[in-house]
Amino acid sequence: MSASTKSVKPFGEWKTPISSAIATAKASRFQDLVLDATDNGNDVVYWSEIRFDEGGRTVVSSCEVGKSEPKDWTPAGFSARTTVHEYGGGNIFVQKGNLYFSNFSDQRLYKQLTPDSTPTPVTAADTSYRYANGDMSAKTNLIYIIREDHSKVESGQAKEPTNSVICLDPSTQQEKVLACGADFYSTPKPWYDTELWTAKLTKSGDAIIEGSAKKIAGGKDVSVMIPRWTPSGELRFISDENNWWNVYESALDGSITNIYKMDREVGQPAWLFGNQPYDANPSSPGEYVVSCDGLLTLMENGVKKKTFNTGFTSHLLLNFSESGRVYCFAHSAIQVSTLISVNILDGKVEILRKSQQVDIDEGYFSKFTEICYNTTDGEKSYANYYKPTNKDYEGPDGELPPLLVKAHGGLPTFSNN
């Protein structure tokens, strides 16, 4: 509809098909995203979603890409959500088709063999422990995970819980502390004096070899987060030592290189476990994908190879599969959060699941424009400006629309488009 056929009405009197009922009807919010593969190499995608029509229960689903419809794993009475650091994240991980998840009501870690099987606990019935951001070694069959111990808080002996990295034998429920003493472990809250360390494990995998712990990066006033090993043994991580969160690589010879140098942020404040704004190609470690400024970009040995036109303006929790596909959650100002795959060879985008089914003409949605303005102490700040938009109406000449400013006074974060 052209501008000349639009009805002229004051701002605030425009009719729209968008309502609170539509915004909340049968809606969910994606959280975790992990990959596995079948014996014949087909990609299997696992994700968790908070379902508002089920009282906010977090349900894990999976799909063998191109072969099956999504299947729910989490039975009634369970909710796959950890409360480590209260904000949680990193609720699930998968090893050879077996699903492991933290259950909300008792914070125990559970194992589930199939979507129809009953989850069985792999941790003791101690409600003072919480678990997050786990993974399992195929060599030792041990789980390596962040544990938060609230026992001293509950007994009044301490004001804060104790965080540690532990190994867990799921067959015996025995736990052993590998590292402790810091305020936080893994990726959350990385803005003060963060250090990245590595250490070698014994053959049994349940202890650190004495003297093998080594500081890789970080220090005073440096924020380091999201370390990930490449298949060829390099260690990649995000650091802001140049005042921007960029991706760095620690090579086998100990040298460290900024492999995606730019005056922009890669990643976001890591209040939740599981953030993953970059990932390496397991079949070709020199290749990796990065999400920055809403774009999904393929890099090779520090050089931009291509940027994918996915039709979305945000890409989160990147997972690179051996099949040459990148899986992530994507959204835009006119599209709900969507689980997609991107073929790196031809750029083809496949939609696997939407967080909500909404059938509204995009002419009713406003697309943002990034603006920059002066603020205190000579600094500049940024905001997303959404111009009033309706394909059926326009405002009277000379009349300015009301301005609604949304600011966030809680934890550090960034504006979502």
# chains A, B, ... in the order shown; residues from 1 in each chain; ligands from 1

call {"tool": "residues_around", "arguments": {"residues": "Pro402 (chain A)", "least_positions_apart": "3", "cutoff": "10 Å", "atoms": "only C-alpha atoms", "output": "PyMOL selection string"}}
result
chain A and resi 11-12+388+399+405

call {"tool": "select_by_dssp", "arguments": {"residues": "region 125-294 of chain A", "states": "strand (DSSP E or B)", "output": "ChimeraX atom specification"}}
result
/A:129-136,143-149,162-169,174-180,195-198,201,208,214-218,224-229,235-239,246-250,256-258,273,278-281,284-292

call {"tool": "atom_distance", "arguments": {"atom1": "CA of Asn301 (chain A)", "atom2": "CA of Ser283 (chain A)"}}
result
14.1 Å

call {"tool": "closest_atom_pairs", "arguments": {"of": "region 144-254 of chain A", "to": "region 124-139 of chain A", "cutoff": "6 Å", "atoms": "only C-alpha atoms", "output": "CSV"}}
result
residue,atom,partner,partner_atom,distance
A:Tyr144,CA,A:Asp135,CA,5.4
A:Ile145,CA,A:Gly134,CA,4.1
A:Ile146,CA,A:Ala132,CA,5.3
A:Arg147,CA,A:Tyr131,CA,4.7
A:Glu148,CA,A:Arg130,CA,5.1
A:Asp149,CA,A:Tyr129,CA,4.7
A:His150,CA,A:Ser128,CA,4.7
A:Ser151,CA,A:Ser128,CA,5.0

call {"tool": "residues_around", "arguments": {"residues": "Phe78 (chain A)", "least_positions_apart": "2", "cutoff": "8 Å", "atoms": "only C-alpha atoms", "output": "PyMOL selection string"}}
result
chain A and resi 57+74-76+80+103-105

call {"tool": "atom_distance", "arguments": {"atom1": "CA of Ser164 (chain A)", "atom2": "CA of Cys180 (chain A)"}}
result
4.4 Å

call {"tool": "residues_around", "arguments": {"residues": "Thr369 (chain A)", "least_positions_apart": "5", "cutoff": "9 Å", "atoms": "only C-alpha atoms", "output": "ChimeraX atom specification"}}
result
/A:383-387

call {"tool": "write_last_selection", "arguments": {"atoms": "C-alpha atoms", "output": "PDB file, in the first residue's frame"}}
result
ATOM      1  CA  ALA A 383      20.412   3.164  20.888  1.00  0.00           C
ATOM      2  CA  ASN A 384      18.038   1.382  18.537  1.00  0.00           C
ATOM      3  CA  TYR A 385      15.373   3.732  17.198  1.00  0.00           C
ATOM      4  CA  TYR A 386      12.055   2.232  16.072  1.00  0.00           C
ATOM      5  CA  LYS A 387      10.027   4.607  13.921  1.00  0.00           C
TER       6      LYS A 387
END

call {"tool": "atom_distance", "arguments": {"atom1": "CA of Tyr327 (chain A)", "atom2": "CA of Met299 (chain A)"}}
result
16.0 Å

call {"tool": "closest_atom_pairs", "arguments": {"of": "region 87-177 of chain A", "to": "region 36-50 of chain A", "cutoff": "7 Å", "atoms": "only C-alpha atoms", "output": "JSON lines"}}
result
{"residue": "A:Val94", "atom": "CA", "partner": "A:Asp36", "partner_atom": "CA", "distance": 6.8}
{"residue": "A:Lys96", "atom": "CA", "partner": "A:Asp36", "partner_atom": "CA", "distance": 6.9}
{"residue": "A:Gly97", "atom": "CA", "partner": "A:Asp36", "partner_atom": "CA", "distance": 6.9}

call {"tool": "residues_around", "arguments": {"residues": "Pro17 (chain A)", "least_positions_apart": "2", "cutoff": "12 Å", "atoms": "only C-alpha atoms", "output": "VMD selection string"}}
result
chain A and resid 14 to 15 19 to 23 358 to 365 390 to 392

call {"tool": "decode", "arguments": {"residues": "region 84-232 of chain A", "atoms": "C-alpha atoms", "output": "PDB file, in the first residue's frame"}}
result
ATOM      1  CA  VAL A  84      23.960 -21.952  39.093  1.00  0.00           C
ATOM      2  CA  HIS A  85      24.752 -18.240  39.535  1.00  0.00           C
ATOM      3  CA  GLU A  86      20.938 -17.940  39.698  1.00  0.00           C
ATOM      4  CA  TYR A  87      20.725 -17.038  35.992  1.00  0.00           C
ATOM      5  CA  GLY A  88      21.667 -20.547  34.875  1.00  0.00           C
ATOM      6  CA  GLY A  89      22.256 -21.551  31.274  1.00  0.00           C
ATOM      7  CA  GLY A  90      24.331 -24.527  30.179  1.00  0.00           C
ATOM      8  CA  ASN A  91      21.443 -26.757  31.251  1.00  0.00           C
ATOM      9  CA  ILE A  92      22.123 -29.720  28.945  1.00  0.00           C
ATOM     10  CA  PHE A  93      24.830 -31.696  27.166  1.00  0.00           C
ATOM     11  CA  VAL A  94      24.755 -34.824  25.020  1.00  0.00           C
ATOM     12  CA  GLN A  95      27.134 -37.766  24.681  1.00  0.00           C
ATOM     13  CA  LYS A  96      26.524 -40.473  22.053  1.00  0.00           C
ATOM     14  CA  GLY A  97      22.767 -40.024  22.025  1.00  0.00           C
ATOM     15  CA  ASN A  98      22.443 -39.831  25.812  1.00  0.00           C
ATOM     16  CA  LEU A  99      21.005 -36.606  27.204  1.00  0.00           C
ATOM     17  CA  TYR A 100      22.209 -35.106  30.491  1.00  0.00           C
ATOM     18  CA  PHE A 101      20.354 -32.216  32.108  1.00  0.00           C
ATOM     19  CA  SER A 102      19.990 -30.316  35.378  1.00  0.00           C
ATOM     20  CA  ASN A 103      16.501 -30.589  36.846  1.00  0.00           C
ATOM     21  CA  PHE A 104      14.984 -27.413  38.269  1.00  0.00           C
ATOM     22  CA  SER A 105      13.116 -28.755  41.316  1.00  0.00           C
ATOM     23  CA  ASP A 106      16.008 -30.629  42.962  1.00  0.00           C
ATOM     24  CA  GLN A 107      19.018 -29.305  40.953  1.00  0.00           C
ATOM     25  CA  ARG A 108      20.304 -32.843  40.465  1.00  0.00           C
ATOM     26  CA  LEU A 109      21.932 -33.925  37.220  1.00  0.00           C
ATOM     27  CA  TYR A 110      19.984 -36.560  35.266  1.00  0.00           C
ATOM     28  CA  LYS A 111      20.684 -38.926  32.384  1.00  0.00           C
ATOM     29  CA  GLN A 112      18.100 -39.883  29.781  1.00  0.00           C
ATOM     30  CA  LEU A 113      18.614 -42.602  27.163  1.00  0.00           C
ATOM     31  CA  THR A 114      15.695 -41.892  24.806  1.00  0.00           C
ATOM     32  CA  PRO A 115      12.865 -39.362  24.488  1.00  0.00           C
ATOM     33  CA  ASP A 116      10.452 -41.894  26.003  1.00  0.00           C
ATOM     34  CA  SER A 117      12.649 -43.152  28.848  1.00  0.00           C
ATOM     35  CA  THR A 118      12.502 -42.038  32.481  1.00  0.00           C
ATOM     36  CA  PRO A 119      15.399 -39.775  33.548  1.00  0.00           C
ATOM     37  CA  THR A 120      17.715 -41.288  36.172  1.00  0.00           C
ATOM     38  CA  PRO A 121      19.872 -39.182  38.542  1.00  0.00           C
ATOM     39  CA  VAL A 122      23.654 -39.318  38.216  1.00  0.00           C
ATOM     40  CA  THR A 123      24.317 -37.079  41.241  1.00  0.00           C
ATOM     41  CA  ALA A 124      23.523 -37.663  44.894  1.00  0.00           C
ATOM     42  CA  ALA A 125      20.360 -36.320  46.498  1.00  0.00           C
ATOM     43  CA  ASP A 126      22.126 -33.296  48.005  1.00  0.00           C
ATOM     44  CA  THR A 127      20.058 -30.172  47.392  1.00  0.00           C
ATOM     45  CA  SER A 128      22.994 -27.923  48.345  1.00  0.00           C
ATOM     46  CA  TYR A 129      24.714 -28.719  45.023  1.00  0.00           C
ATOM     47  CA  ARG A 130      23.884 -27.206  41.645  1.00  0.00           C
ATOM     48  CA  TYR A 131      25.459 -28.115  38.296  1.00  0.00           C
ATOM     49  CA  ALA A 132      25.954 -26.318  34.963  1.00  0.00           C
ATOM     50  CA  ASN A 133      27.949 -26.188  31.736  1.00  0.00           C
ATOM     51  CA  GLY A 134      28.915 -29.856  31.685  1.00  0.00           C
ATOM     52  CA  ASP A 135      30.619 -32.089  29.163  1.00  0.00           C
ATOM     53  CA  MET A 136      31.640 -35.736  29.072  1.00  0.00           C
ATOM     54  CA  SER A 137      34.919 -37.338  28.042  1.00  0.00           C
ATOM     55  CA  ALA A 138      34.611 -40.301  25.698  1.00  0.00           C
ATOM     56  CA  LYS A 139      38.024 -41.498  26.955  1.00  0.00           C
ATOM     57  CA  THR A 140      37.359 -41.545  30.699  1.00  0.00           C
ATOM     58  CA  ASN A 141      33.528 -41.611  30.725  1.00  0.00           C
ATOM     59  CA  LEU A 142      33.730 -38.882  33.343  1.00  0.00           C
ATOM     60  CA  ILE A 143      31.651 -35.716  33.363  1.00  0.00           C
ATOM     61  CA  TYR A 144      33.454 -32.386  33.787  1.00  0.00           C
ATOM     62  CA  ILE A 145      31.130 -29.709  35.087  1.00  0.00           C
ATOM     63  CA  ILE A 146      30.777 -26.543  37.168  1.00  0.00           C
ATOM     64  CA  ARG A 147      29.437 -27.213  40.672  1.00  0.00           C
ATOM     65  CA  GLU A 148      28.005 -24.600  43.001  1.00  0.00           C
ATOM     66  CA  ASP A 149      27.911 -25.652  46.670  1.00  0.00           C
ATOM     67  CA  HIS A 150      25.353 -23.851  48.851  1.00  0.00           C
ATOM     68  CA  SER A 151      25.841 -25.962  51.992  1.00  0.00           C
ATOM     69  CA  LYS A 152      27.711 -23.274  53.967  1.00  0.00           C
ATOM     70  CA  VAL A 153      25.196 -20.630  52.908  1.00  0.00           C
ATOM     71  CA  GLU A 154      22.315 -22.797  54.086  1.00  0.00           C
ATOM     72  CA  SER A 155      24.029 -23.469  57.439  1.00  0.00           C
ATOM     73  CA  GLY A 156      24.821 -19.785  57.972  1.00  0.00           C
ATOM     74  CA  GLN A 157      28.602 -20.268  57.738  1.00  0.00           C
ATOM     75  CA  ALA A 158      29.031 -18.174  54.590  1.00  0.00           C
ATOM     76  CA  LYS A 159      27.228 -15.510  52.588  1.00  0.00           C
ATOM     77  CA  GLU A 160      28.243 -16.814  49.161  1.00  0.00           C
ATOM     78  CA  PRO A 161      28.293 -20.336  47.689  1.00  0.00           C
ATOM     79  CA  THR A 162      31.509 -22.126  46.725  1.00  0.00           C
ATOM     80  CA  ASN A 163      32.168 -22.610  43.023  1.00  0.00           C
ATOM     81  CA  SER A 164      34.455 -25.283  41.623  1.00  0.00           C
ATOM     82  CA  VAL A 165      35.266 -27.412  38.601  1.00  0.00           C
ATOM     83  CA  ILE A 166      34.650 -31.078  39.340  1.00  0.00           C
ATOM     84  CA  CYS A 167      34.757 -34.441  37.635  1.00  0.00           C
ATOM     85  CA  LEU A 168      31.827 -36.767  38.180  1.00  0.00           C
ATOM     86  CA  ASP A 169      31.558 -40.513  37.664  1.00  0.00           C
ATOM     87  CA  PRO A 170      27.928 -40.985  36.559  1.00  0.00           C
ATOM     88  CA  SER A 171      28.014 -44.710  37.350  1.00  0.00           C
ATOM     89  CA  THR A 172      28.906 -44.201  41.024  1.00  0.00           C
ATOM     90  CA  GLN A 173      27.786 -40.580  41.622  1.00  0.00           C
ATOM     91  CA  GLN A 174      31.255 -39.905  43.030  1.00  0.00           C
ATOM     92  CA  GLU A 175      32.551 -36.341  42.635  1.00  0.00           C
ATOM     93  CA  LYS A 176      36.077 -34.954  42.845  1.00  0.00           C
ATOM     94  CA  VAL A 177      37.099 -31.291  42.891  1.00  0.00           C
ATOM     95  CA  LEU A 178      39.638 -30.374  40.212  1.00  0.00           C
ATOM     96  CA  ALA A 179      39.821 -26.609  40.739  1.00  0.00           C
ATOM     97  CA  CYS A 180      38.404 -24.240  43.352  1.00  0.00           C
ATOM     98  CA  GLY A 181      39.186 -20.985  45.132  1.00  0.00           C
ATOM     99  CA  ALA A 182      38.062 -18.439  42.546  1.00  0.00           C
ATOM    100  CA  ASP A 183      34.778 -16.562  42.795  1.00  0.00           C
ATOM    101  CA  PHE A 184      33.510 -17.917  39.469  1.00  0.00           C
ATOM    102  CA  TYR A 185      34.500 -20.572  36.961  1.00  0.00           C
ATOM    103  CA  SER A 186      33.849 -20.856  33.210  1.00  0.00           C
ATOM    104  CA  THR A 187      32.290 -17.992  31.332  1.00  0.00           C
ATOM    105  CA  PRO A 188      29.864 -16.001  33.551  1.00  0.00           C
ATOM    106  CA  LYS A 189      30.566 -12.539  34.920  1.00  0.00           C
ATOM    107  CA  PRO A 190      33.848 -11.990  33.057  1.00  0.00           C
ATOM    108  CA  TRP A 191      34.478  -8.298  33.516  1.00  0.00           C
ATOM    109  CA  TYR A 192      36.940  -8.100  36.404  1.00  0.00           C
ATOM    110  CA  ASP A 193      40.468  -9.512  36.368  1.00  0.00           C
ATOM    111  CA  THR A 194      39.658 -12.753  34.540  1.00  0.00           C
ATOM    112  CA  GLU A 195      42.333 -15.367  33.855  1.00  0.00           C
ATOM    113  CA  LEU A 196      42.334 -18.297  31.436  1.00  0.00           C
ATOM    114  CA  TRP A 197      44.149 -21.402  32.657  1.00  0.00           C
ATOM    115  CA  THR A 198      44.769 -24.869  31.265  1.00  0.00           C
ATOM    116  CA  ALA A 199      45.932 -28.023  33.026  1.00  0.00           C
ATOM    117  CA  LYS A 200      46.729 -31.610  32.100  1.00  0.00           C
ATOM    118  CA  LEU A 201      44.717 -34.482  33.545  1.00  0.00           C
ATOM    119  CA  THR A 202      45.990 -37.832  34.735  1.00  0.00           C
ATOM    120  CA  LYS A 203      45.251 -40.908  32.609  1.00  0.00           C
ATOM    121  CA  SER A 204      42.256 -41.698  34.819  1.00  0.00           C
ATOM    122  CA  GLY A 205      40.955 -38.192  34.211  1.00  0.00           C
ATOM    123  CA  ASP A 206      40.029 -37.566  37.841  1.00  0.00           C
ATOM    124  CA  ALA A 207      42.945 -35.347  38.886  1.00  0.00           C
ATOM    125  CA  ILE A 208      45.171 -32.573  37.580  1.00  0.00           C
ATOM    126  CA  ILE A 209      48.839 -33.430  37.070  1.00  0.00           C
ATOM    127  CA  GLU A 210      50.823 -31.480  39.638  1.00  0.00           C
ATOM    128  CA  GLY A 211      52.641 -28.525  38.135  1.00  0.00           C
ATOM    129  CA  SER A 212      50.781 -28.692  34.818  1.00  0.00           C
ATOM    130  CA  ALA A 213      48.459 -25.735  35.451  1.00  0.00           C
ATOM    131  CA  LYS A 214      49.371 -22.867  33.145  1.00  0.00           C
ATOM    132  CA  LYS A 215      48.012 -19.359  32.755  1.00  0.00           C
ATOM    133  CA  ILE A 216      47.218 -18.649  29.101  1.00  0.00           C
ATOM    134  CA  ALA A 217      45.724 -15.162  29.070  1.00  0.00           C
ATOM    135  CA  GLY A 218      43.991 -12.495  31.120  1.00  0.00           C
ATOM    136  CA  GLY A 219      44.856 -10.598  34.264  1.00  0.00           C
ATOM    137  CA  LYS A 220      44.048  -7.275  35.866  1.00  0.00           C
ATOM    138  CA  ASP A 221      41.313  -5.322  34.074  1.00  0.00           C
ATOM    139  CA  VAL A 222      41.086  -7.957  31.325  1.00  0.00           C
ATOM    140  CA  SER A 223      37.910  -9.873  30.530  1.00  0.00           C
ATOM    141  CA  VAL A 224      38.392 -13.376  29.105  1.00  0.00           C
ATOM    142  CA  MET A 225      35.554 -15.771  28.320  1.00  0.00           C
ATOM    143  CA  ILE A 226      34.241 -18.674  26.223  1.00  0.00           C
ATOM    144  CA  PRO A 227      37.406 -20.755  25.726  1.00  0.00           C
ATOM    145  CA  ARG A 228      37.045 -23.530  23.133  1.00  0.00           C
ATOM    146  CA  TRP A 229      39.481 -26.109  21.786  1.00  0.00           C
ATOM    147  CA  THR A 230      39.781 -26.600  18.038  1.00  0.00           C
ATOM    148  CA  PRO A 231      39.954 -30.167  16.671  1.00  0.00           C
ATOM    149  CA  SER A 232      43.648 -29.605  15.922  1.00  0.00           C
TER     150      SER A 232
END
